[in-house]
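Engineer: I have a structure here, written as structure tokens, and I will follow up with some questions on it.
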Amino acid sequence: MITKIVVLMVSLFSMQIVAQSKQDSIYQLKNITINARPKILKEQSEFKRHGQSTELLSSQELNRNNPAFLEQSLGVMAGVQVDKRTQVGGQRIVIRGYGNDQKFNNWGIKAYFNQFPLTNAEGVTILDDVDFSVVDNIEVVKGPASTMYGAGVGGVVRFYLKNSDEKGISLTQNTTTGSFNLVQTNTRLDLVTDNASMFVNFGHLESDGYRPNGQSLKNFITYKGDFKFTDKQSVNVFLSHNFSHEGISGQIPYSYYYANNDPGNQAYLIKNSHLEMQSTRFGVSNNYKLSNTFRNSTVLFYSGTDSERVVAGAYEQASSPNYGIRSVFTKTNGISNEIENVLDFGTEIQQCKSLISNFRFTGDSNNPLTVSPIAPGNYYKYTTNQQSVFIHDRINFKKYDVSVILGLSANHIDYDRIDLLALPGLIVGNTKNTSFSKSFATSYNPHIAIQKTYKDQIFNLSYSEGYNAPTASTSFIAALNKTNDDLIAEKAKMVEFSAQGLLFNTHFDYQVSLFNMNIENKLTQLSAANPAGGSYTYTANTGNQVNKGLEASIGYVFTINSNPFLSKVTSFVNFSYYDFKYTDFSTRVGGILSDFSNKKVVGVPKQKYSVGLDFQSPKGIYLNSTFNYLSEVYSDFANTNTVNGFGLLNAKLGYKIASKNKKISLDFFVAGNNLTNQTNYTFLFLGGSINDFDPGNGFPIGMAADVNPGSSKAYFWNGINLKYRF
């Protein structure tokens, strides 16, 4: 398979593709020179287009730390938190407090790689096999964005890859080593001509990790090419083959966590628990200009993932091909000299076909990988379909610099599951058949916004709706052998006022948002007594919650002329203040009804802020420093268990140099994270998932294990990046 992919990449590399326009650190906007942070121009454009709070991380922000550690870059953005269950895997992106009550992976947000979805048809996003080293910038749309992107209450994360701007052939070699025997390499070859640009990248990462059984091994091959055939048509191609192995250490009790005692969870360690996956992704998009005012962009995409998961209680194999199409038409009309109309309409259709087998371990400590007989196990074939049709109309009143945005989407999802162990005669005495089909009613989600531009300021008032349908696994209660017929999709309604702009001779940029989001029919994982003994988990609509918040992002660039030691100082502050509460929220556990109305939402810090200060010398020396703070959170619905907050200090010192002819450029650096040795966590079990007990976990009887700790000691890494232009 790898040989075929390499041959295809080499073939594609022989073709010519379009070079992209060069972006400098100083932009021209309305005849005003912008000296603010490089991300601002695109951020303002996307903020205007979406009509709601949208923020961006450029390559400069991503490279302030190690790009492989997504929580260190994306996690500093206001309103965004990144959790992870392993060293470089199991990432859970939480936007405006949404998505943190899932034990595994991402649910409730939508993720894209350029134009095609990373999120599958079921609404689940896995990021273990994503090579973040090739990501050039990340865009986050905060809050419900179902009008343009389908299912998702928390928001949308878009990862962008970018080809080189410089004509010719260039070779880049990045090498990093560090604590925990970290070794990272990226070898990238770029080709750019008058009509073309492309790159192929070979990435490798390995590390022993900071936890017992916390090893990581990742290998990536990535190709991206942009082909311009005529003035009207261009084609973009993306191809990647990825391997990921992440050791799973398991969660530990809070008392161990606060004592900085991390022996790992024996129920995981004894089985050498891990998640191993291979995936292939392919996407091709066609961009066609039908006329001067009418264009279309259509992308066909495919991803296929094979995975093996070994955890405390089960062994699982899964094969999940996912494919689909996303097509968007854009029509621009000049209604008059003073009024312009920009209409986007399109569709996104996905289908996922999965084969998943899951068998329970017996709990025999002498033979830890022995599984129970096949009858209690699961072997399912899933077919999931998701469709979205949307329209997004923008009316610009040029005279008043006012725009009105009107959008509407229709979204539908359905499942079909076949129980492959229920075939007649396969298992003697087996009478259960857990096959089922379920279809959720089409969800209609509007978006309305009014924008006013005043000089370099943009003011936006919007109303947005979004939804999340239950997944196939939550739509059936295996312990009771019945479909979870009472489940309905979540619905979110958000009112937001946001402003973004430039001040102080355009050296100062800001974005501030005030929002109120009401989530109805909240989907929550609960537990109940099993009639056959023990307990089982299920998902229910537990009520409503209201999320009120303030988010602010501020940056300032101070340029110093004719100073031999210091040429630029860049600073930023990102701040989030939240008041998230349950309203009309109740659960029934063990036949007892508990009402948690007016309690604070689990896992959401009241305050979160990040402060960055960067120095740059005309001699090529630079220093980046970041402090990221999360305040305390509650882990349980009753708000009885408080998890302490923490602050992490990171820094990176480097030196960049280039030859006189610019053919060779070098970047040497040394960096450290958690420089003040703070106790911190990377993942919490929350809400209905708390009080986790795995037999044989090695902890005292009755002590729950609900926290995954981060490294409580400072850790360091260093490297050299070399680029040669032929």
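Labels for the structure tokens follow display order: chains A, B, ..., residues from 1 in each chain, ligands from 1.
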Can you tell me, as a ChimeraX atom specification, what residues are no more than 12 Å from Gly363 of chain A when counting only C-alpha atoms, ignoring any on the same chain fewer than 2 positions away?

Structural biologist: /A:266-268,270-271,311-314,360-361,365-372,694-697

Engineer: Using only C-alpha atoms, which residues of segment 464-518 of chain A come within 9 Å of segment 53-63 of chain A, and what is the closest atom pair for each, with the distance in Å to one decimal? Give it as CSV, sorted by chain and residue number.

Structural biologist:
residue,atom,partner,partner_atom,distance
A:Glu496,CA,A:Ser53,CA,8.2
A:Phe497,CA,A:Ser53,CA,8.5
A:Ser498,CA,A:Ser53,CA,6.3
A:Ala499,CA,A:Ser53,CA,8.3
A:Gln500,CA,A:Ser53,CA,8.9
A:Gln511,CA,A:Ser53,CA,8.3
A:Val512,CA,A:Ser53,CA,8.3
A:Ser513,CA,A:Ser53,CA,6.8

Engineer: Can I get the selection written as an mmCIF file, in the first residue's frame, with all heavy atoms?

Structural biologist:
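part.cif, written as the output of this step:
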data_model
loop_
_atom_site.group_PDB
_atom_site.id
_atom_site.type_symbol
_atom_site.label_atom_id
_atom_site.label_comp_id
_atom_site.auth_asym_id
_atom_site.auth_seq_id
_atom_site.Cartn_x
_atom_site.Cartn_y
_atom_site.Cartn_z
ATOM 1 N N GLU A 496 -25.180 36.381 20.027
ATOM 2 C CA GLU A 496 -23.804 36.829 20.241
ATOM 3 C C GLU A 496 -23.619 38.247 19.709
ATOM 4 O O GLU A 496 -24.097 38.577 18.618
ATOM 5 C CB GLU A 496 -22.833 35.888 19.536
ATOM 6 C CG GLU A 496 -21.366 36.316 19.656
ATOM 7 C CD GLU A 496 -20.452 35.501 18.758
ATOM 8 O OE1 GLU A 496 -20.548 35.651 17.521
ATOM 9 O OE2 GLU A 496 -19.673 34.710 19.299
ATOM 10 N N PHE A 497 -22.924 39.051 20.490
ATOM 11 C CA PHE A 497 -22.427 40.333 19.998
ATOM 12 C C PHE A 497 -20.912 40.271 20.020
ATOM 13 O O PHE A 497 -20.294 39.951 21.045
ATOM 14 C CB PHE A 497 -22.901 41.505 20.856
ATOM 15 C CG PHE A 497 -22.275 42.817 20.439
ATOM 16 C CD1 PHE A 497 -22.714 43.475 19.296
ATOM 17 C CD2 PHE A 497 -21.219 43.361 21.154
ATOM 18 C CE1 PHE A 497 -22.122 44.659 18.884
ATOM 19 C CE2 PHE A 497 -20.624 44.547 20.754
ATOM 20 C CZ PHE A 497 -21.080 45.202 19.607
ATOM 21 N N SER A 498 -20.300 40.566 18.897
ATOM 22 C CA SER A 498 -18.845 40.500 18.809
ATOM 23 C C SER A 498 -18.328 41.680 18.006
ATOM 24 O O SER A 498 -19.011 42.231 17.139
ATOM 25 C CB SER A 498 -18.391 39.181 18.171
ATOM 26 O OG SER A 498 -19.093 38.929 16.981
ATOM 27 N N ALA A 499 -17.105 42.057 18.331
ATOM 28 C CA ALA A 499 -16.449 43.164 17.634
ATOM 29 C C ALA A 499 -14.994 42.801 17.415
ATOM 30 O O ALA A 499 -14.362 42.128 18.235
ATOM 31 C CB ALA A 499 -16.560 44.454 18.436
ATOM 32 N N GLN A 500 -14.476 43.256 16.296
ATOM 33 C CA GLN A 500 -13.085 42.996 15.960
ATOM 34 C C GLN A 500 -12.526 44.213 15.252
ATOM 35 O O GLN A 500 -13.225 44.872 14.477
ATOM 36 C CB GLN A 500 -12.979 41.773 15.048
ATOM 37 C CG GLN A 500 -11.546 41.357 14.743
ATOM 38 C CD GLN A 500 -11.500 40.224 13.744
ATOM 39 O OE1 GLN A 500 -11.452 40.470 12.549
ATOM 40 N NE2 GLN A 500 -11.528 38.995 14.218
ATOM 41 N N GLN A 511 -10.350 41.374 19.508
ATOM 42 C CA GLN A 511 -11.626 40.735 19.223
ATOM 43 C C GLN A 511 -12.286 40.446 20.565
ATOM 44 O O GLN A 511 -11.655 39.904 21.473
ATOM 45 C CB GLN A 511 -11.456 39.434 18.435
ATOM 46 C CG GLN A 511 -12.791 38.789 18.087
ATOM 47 C CD GLN A 511 -12.678 37.579 17.176
ATOM 48 O OE1 GLN A 511 -13.607 36.792 17.067
ATOM 49 N NE2 GLN A 511 -11.549 37.434 16.508
ATOM 50 N N VAL A 512 -13.550 40.821 20.700
ATOM 51 C CA VAL A 512 -14.282 40.606 21.943
ATOM 52 C C VAL A 512 -15.665 40.074 21.598
ATOM 53 O O VAL A 512 -16.281 40.487 20.605
ATOM 54 C CB VAL A 512 -14.372 41.908 22.778
ATOM 55 C CG1 VAL A 512 -15.107 43.001 22.014
ATOM 56 C CG2 VAL A 512 -15.024 41.648 24.125
ATOM 57 N N SER A 513 -16.154 39.131 22.411
ATOM 58 C CA SER A 513 -17.457 38.518 22.162
ATOM 59 C C SER A 513 -18.220 38.353 23.467
ATOM 60 O O SER A 513 -17.651 37.910 24.474
ATOM 61 C CB SER A 513 -17.293 37.141 21.503
ATOM 62 O OG SER A 513 -16.610 37.228 20.278
#

Engineer: Could you list, as a list of chain:residue names, every residue within 6 Å of segment 652-661 of chain A, counting only C-alpha atoms and ignoring same-chain residues fewer than 4 positions away?

Structural biologist: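 Final neighbour list, sorted by chain and number: A:Gly620, A:Ile621, A:Tyr622, A:Leu623, A:Asn624, A:Ser665, A:Leu666, A:Asp667, A:Phe668, A:Phe669, A:Val670, A:Ala671.
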
Engineer: Which of segment 197-376 of chain A end up as strand (DSSP E) when DSSP is run on this backbone - answer as a PyMOL selection string?

Structural biologist: chain A and resi 197-207+216-228+233-247+274-289+294-310+314-334+339-360

Engineer: Identify, on the basis of only C-alpha atoms, every residue whose closest approach to Ser279 of chain A does not exceed 9 Å; exclude the query and any residue fewer than 2 positions from it along the same chain; express the result as a VMD selection string.

Structural biologist: chain A and resid 129 240 to 244 277 281 303 to 307

Engineer: May I ask which of the residues A:Asn505, A:Thr682, A:Asn396, A:Asn628 is the closest one to Thr559 of chain A, counting only C-alpha atoms?

Structural biologist: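 For Thr559 of chain A, the nearest of the candidates is A:Asn505.
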
Engineer: Go through segment 106-221 of chain A and flag each residue having an atom no more than 9 Å from segment 469-477 of chain A; for those, report the closest pair of atoms plus their distance in Å to one decimal, using only C-alpha atoms, ordered by chain and rising number, as CSV.

Structural biologist:
residue,atom,partner,partner_atom,distance
A:Gly108,CA,A:Ala469,CA,9.0
A:Glu122,CA,A:Thr471,CA,6.0
A:Gly123,CA,A:Thr471,CA,7.3
A:Val124,CA,A:Thr471,CA,8.3
A:Ala151,CA,A:Ala469,CA,7.5
A:Gly152,CA,A:Ala469,CA,8.9

Engineer: Residues of the last selection are to be written out with N, CA, C and O atoms, as an mmCIF file, in the first residue's frame.

Structural biologist:
data_model
loop_
_atom_site.group_PDB
_atom_site.id
_atom_site.type_symbol
_atom_site.label_atom_id
_atom_site.label_comp_id
_atom_site.auth_asym_id
_atom_site.auth_seq_id
_atom_site.Cartn_x
_atom_site.Cartn_y
_atom_site.Cartn_z
ATOM 1 N N GLY A 108 -19.565 16.826 18.892
ATOM 2 C CA GLY A 108 -20.188 18.127 19.123
ATOM 3 C C GLY A 108 -19.473 19.277 18.465
ATOM 4 O O GLY A 108 -19.932 20.412 18.519
ATOM 5 N N GLU A 122 -20.926 10.034 11.360
ATOM 6 C CA GLU A 122 -21.583 9.870 12.654
ATOM 7 C C GLU A 122 -21.386 11.083 13.557
ATOM 8 O O GLU A 122 -21.986 11.183 14.617
ATOM 9 N N GLY A 123 -20.504 12.008 13.150
ATOM 10 C CA GLY A 123 -20.250 13.193 13.951
ATOM 11 C C GLY A 123 -19.078 13.051 14.896
ATOM 12 O O GLY A 123 -18.897 13.881 15.786
ATOM 13 N N VAL A 124 -18.250 12.014 14.712
ATOM 14 C CA VAL A 124 -17.102 11.752 15.581
ATOM 15 C C VAL A 124 -15.818 12.172 14.864
ATOM 16 O O VAL A 124 -15.640 11.894 13.677
ATOM 17 N N ALA A 151 -23.912 19.238 11.453
ATOM 18 C CA ALA A 151 -24.005 18.941 12.880
ATOM 19 C C ALA A 151 -22.850 19.563 13.652
ATOM 20 O O ALA A 151 -21.713 19.582 13.197
ATOM 21 N N GLY A 152 -23.157 20.074 14.849
ATOM 22 C CA GLY A 152 -22.136 20.652 15.707
ATOM 23 C C GLY A 152 -22.679 21.793 16.523
ATOM 24 O O GLY A 152 -23.170 22.776 15.958
#

Engineer: Closest to Ser571 of chain A among A:Arg37, A:Arg85, A:Lys608, A:Lys381, using only C-alpha atoms?

Structural biologist: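 Closest candidate: A:Arg37.
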
Engineer: Considering only C-alpha atoms, state which residue in the set A:Asp579, A:Asp595, A:Glu551, A:Glu465 is at the smallest distance from Gly143 of chain A.

Structural biologist: A:Glu465

Engineer: Considering only C-alpha atoms, can you say which of A:Leu343, A:Ala449, A:Val82, A:Ala111 comes closest to His50 of chain A?

Structural biologist: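 When distances to His50 of chain A are compared using only C-alpha atoms, the smallest one comes from A:Ala449.
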
Engineer: Using only C-alpha atoms, can you tell me which of A:Thr147, A:Ser435, A:Asn261, A:Asn541 comes closest to Ile448 of chain A?

Structural biologist: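 Comparing A:Thr147, A:Ser435, A:Asn261, A:Asn541 against Ile448 of chain A, the winner is A:Thr147.
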
Engineer: If you count only C-alpha atoms, which residues fall within 10 Å of segment 707-709 of chain A, apart from same-chain ones fewer than 5 positions away, as a PyMOL selection string?

Structural biologist: chain A and resi 83-86+210-211+249-254+256-258+260-262+264-265+635+643+679-686+690+692

Engineer: Export N, CA and C atoms of the chosen residues as an mmCIF file, in the first residue's frame?

Structural biologist:
data_model
loop_
_atom_site.group_PDB
_atom_site.id
_atom_site.type_symbol
_atom_site.label_atom_id
_atom_site.label_comp_id
_atom_site.auth_asym_id
_atom_site.auth_seq_id
_atom_site.Cartn_x
_atom_site.Cartn_y
_atom_site.Cartn_z
ATOM 1 N N ASP A 83 -8.012 18.917 25.449
ATOM 2 C CA ASP A 83 -7.658 17.837 26.365
ATOM 3 C C ASP A 83 -7.051 16.690 25.561
ATOM 4 N N LYS A 84 -6.382 15.769 26.247
ATOM 5 C CA LYS A 84 -5.839 14.601 25.551
ATOM 6 C C LYS A 84 -5.694 13.451 26.551
ATOM 7 N N ARG A 85 -5.913 12.219 26.083
ATOM 8 C CA ARG A 85 -5.822 11.048 26.949
ATOM 9 C C ARG A 85 -4.438 10.428 26.919
ATOM 10 N N THR A 86 -3.667 10.677 25.857
ATOM 11 C CA THR A 86 -2.312 10.149 25.770
ATOM 12 C C THR A 86 -1.370 11.298 25.438
ATOM 13 N N TYR A 210 5.696 10.650 29.199
ATOM 14 C CA TYR A 210 5.953 11.024 30.584
ATOM 15 C C TYR A 210 5.175 10.162 31.570
ATOM 16 N N ARG A 211 4.395 9.185 31.085
ATOM 17 C CA ARG A 211 3.609 8.305 31.948
ATOM 18 C C ARG A 211 4.005 6.850 31.699
ATOM 19 N N SER A 249 -2.158 4.826 29.427
ATOM 20 C CA SER A 249 -1.759 4.600 30.817
ATOM 21 C C SER A 249 -2.951 4.464 31.748
ATOM 22 N N GLY A 250 -4.109 4.946 31.339
ATOM 23 C CA GLY A 250 -5.282 4.900 32.204
ATOM 24 C C GLY A 250 -5.309 6.045 33.195
ATOM 25 N N GLN A 251 -6.456 6.245 33.810
ATOM 26 C CA GLN A 251 -6.654 7.337 34.746
ATOM 27 C C GLN A 251 -6.285 6.908 36.163
ATOM 28 N N ILE A 252 -5.999 7.891 37.018
ATOM 29 C CA ILE A 252 -5.608 7.644 38.407
ATOM 30 C C ILE A 252 -6.524 8.439 39.336
ATOM 31 N N PRO A 253 -6.541 8.124 40.639
ATOM 32 C CA PRO A 253 -7.374 8.876 41.591
ATOM 33 C C PRO A 253 -6.830 10.285 41.824
ATOM 34 N N TYR A 254 -7.710 11.165 42.302
ATOM 35 C CA TYR A 254 -7.313 12.549 42.566
ATOM 36 C C TYR A 254 -6.257 12.639 43.663
ATOM 37 N N TYR A 256 -3.814 10.629 44.283
ATOM 38 C CA TYR A 256 -2.525 10.337 43.649
ATOM 39 C C TYR A 256 -2.093 11.536 42.800
ATOM 40 N N TYR A 257 -3.048 12.112 42.093
ATOM 41 C CA TYR A 257 -2.758 13.244 41.210
ATOM 42 C C TYR A 257 -2.180 14.424 41.983
ATOM 43 N N TYR A 258 -2.816 14.796 43.101
ATOM 44 C CA TYR A 258 -2.338 15.950 43.874
ATOM 45 C C TYR A 258 -0.990 15.677 44.541
ATOM 46 N N ASN A 260 1.349 14.117 43.025
ATOM 47 C CA ASN A 260 2.276 13.910 41.905
ATOM 48 C C ASN A 260 2.809 12.479 41.873
ATOM 49 N N ASN A 261 1.924 11.541 42.216
ATOM 50 C CA ASN A 261 2.262 10.119 42.211
ATOM 51 C C ASN A 261 1.494 9.461 41.071
ATOM 52 N N ASP A 262 2.198 9.122 40.002
ATOM 53 C CA ASP A 262 1.548 8.558 38.824
ATOM 54 C C ASP A 262 2.106 7.169 38.527
ATOM 55 N N GLY A 264 0.365 4.961 37.037
ATOM 56 C CA GLY A 264 -0.450 4.418 35.967
ATOM 57 C C GLY A 264 -1.544 3.532 36.541
ATOM 58 N N ASN A 265 -2.450 3.131 35.691
ATOM 59 C CA ASN A 265 -3.574 2.288 36.092
ATOM 60 C C ASN A 265 -3.248 0.849 35.711
ATOM 61 N N SER A 635 -16.133 18.459 38.740
ATOM 62 C CA SER A 635 -16.145 17.252 37.920
ATOM 63 C C SER A 635 -17.483 16.525 37.974
ATOM 64 N N VAL A 643 -11.806 20.411 41.157
ATOM 65 C CA VAL A 643 -10.474 20.102 40.649
ATOM 66 C C VAL A 643 -9.707 21.416 40.544
ATOM 67 N N THR A 679 1.559 20.990 38.979
ATOM 68 C CA THR A 679 0.660 19.850 38.861
ATOM 69 C C THR A 679 -0.469 20.221 37.908
ATOM 70 N N ASN A 680 -0.708 19.398 36.903
ATOM 71 C CA ASN A 680 -1.711 19.719 35.894
ATOM 72 C C ASN A 680 -2.308 18.441 35.334
ATOM 73 N N TYR A 681 -3.495 18.567 34.772
ATOM 74 C CA TYR A 681 -4.151 17.415 34.158
ATOM 75 C C TYR A 681 -4.302 17.654 32.659
ATOM 76 N N THR A 682 -4.470 16.555 31.917
ATOM 77 C CA THR A 682 -4.708 16.647 30.479
ATOM 78 C C THR A 682 -6.090 16.129 30.098
ATOM 79 N N PHE A 683 -6.767 15.423 31.026
ATOM 80 C CA PHE A 683 -8.069 14.843 30.710
ATOM 81 C C PHE A 683 -8.771 14.474 32.011
ATOM 82 N N LEU A 684 -10.072 14.801 32.092
ATOM 83 C CA LEU A 684 -10.877 14.462 33.266
ATOM 84 C C LEU A 684 -12.102 13.665 32.843
ATOM 85 N N PHE A 685 -12.468 12.681 33.666
ATOM 86 C CA PHE A 685 -13.781 12.057 33.528
ATOM 87 C C PHE A 685 -14.766 12.957 34.250
ATOM 88 N N LEU A 686 -15.862 13.292 33.571
ATOM 89 C CA LEU A 686 -16.766 14.323 34.078
ATOM 90 C C LEU A 686 -18.214 13.850 34.055
ATOM 91 N N ILE A 690 -18.006 9.929 35.905
ATOM 92 C CA ILE A 690 -17.115 9.930 37.067
ATOM 93 C C ILE A 690 -17.216 8.621 37.845
ATOM 94 N N ASP A 692 -14.982 6.153 38.058
ATOM 95 C CA ASP A 692 -14.623 5.033 37.201
ATOM 96 C C ASP A 692 -13.837 3.988 37.999
#

Engineer: Counting only C-alpha atoms, what is within 12 Å of Phe726 of chain A, bar same-chain residues fewer than 4 positions away, as a ChimeraX atom specification?

Structural biologist: /A:166-172,189-192,661-664
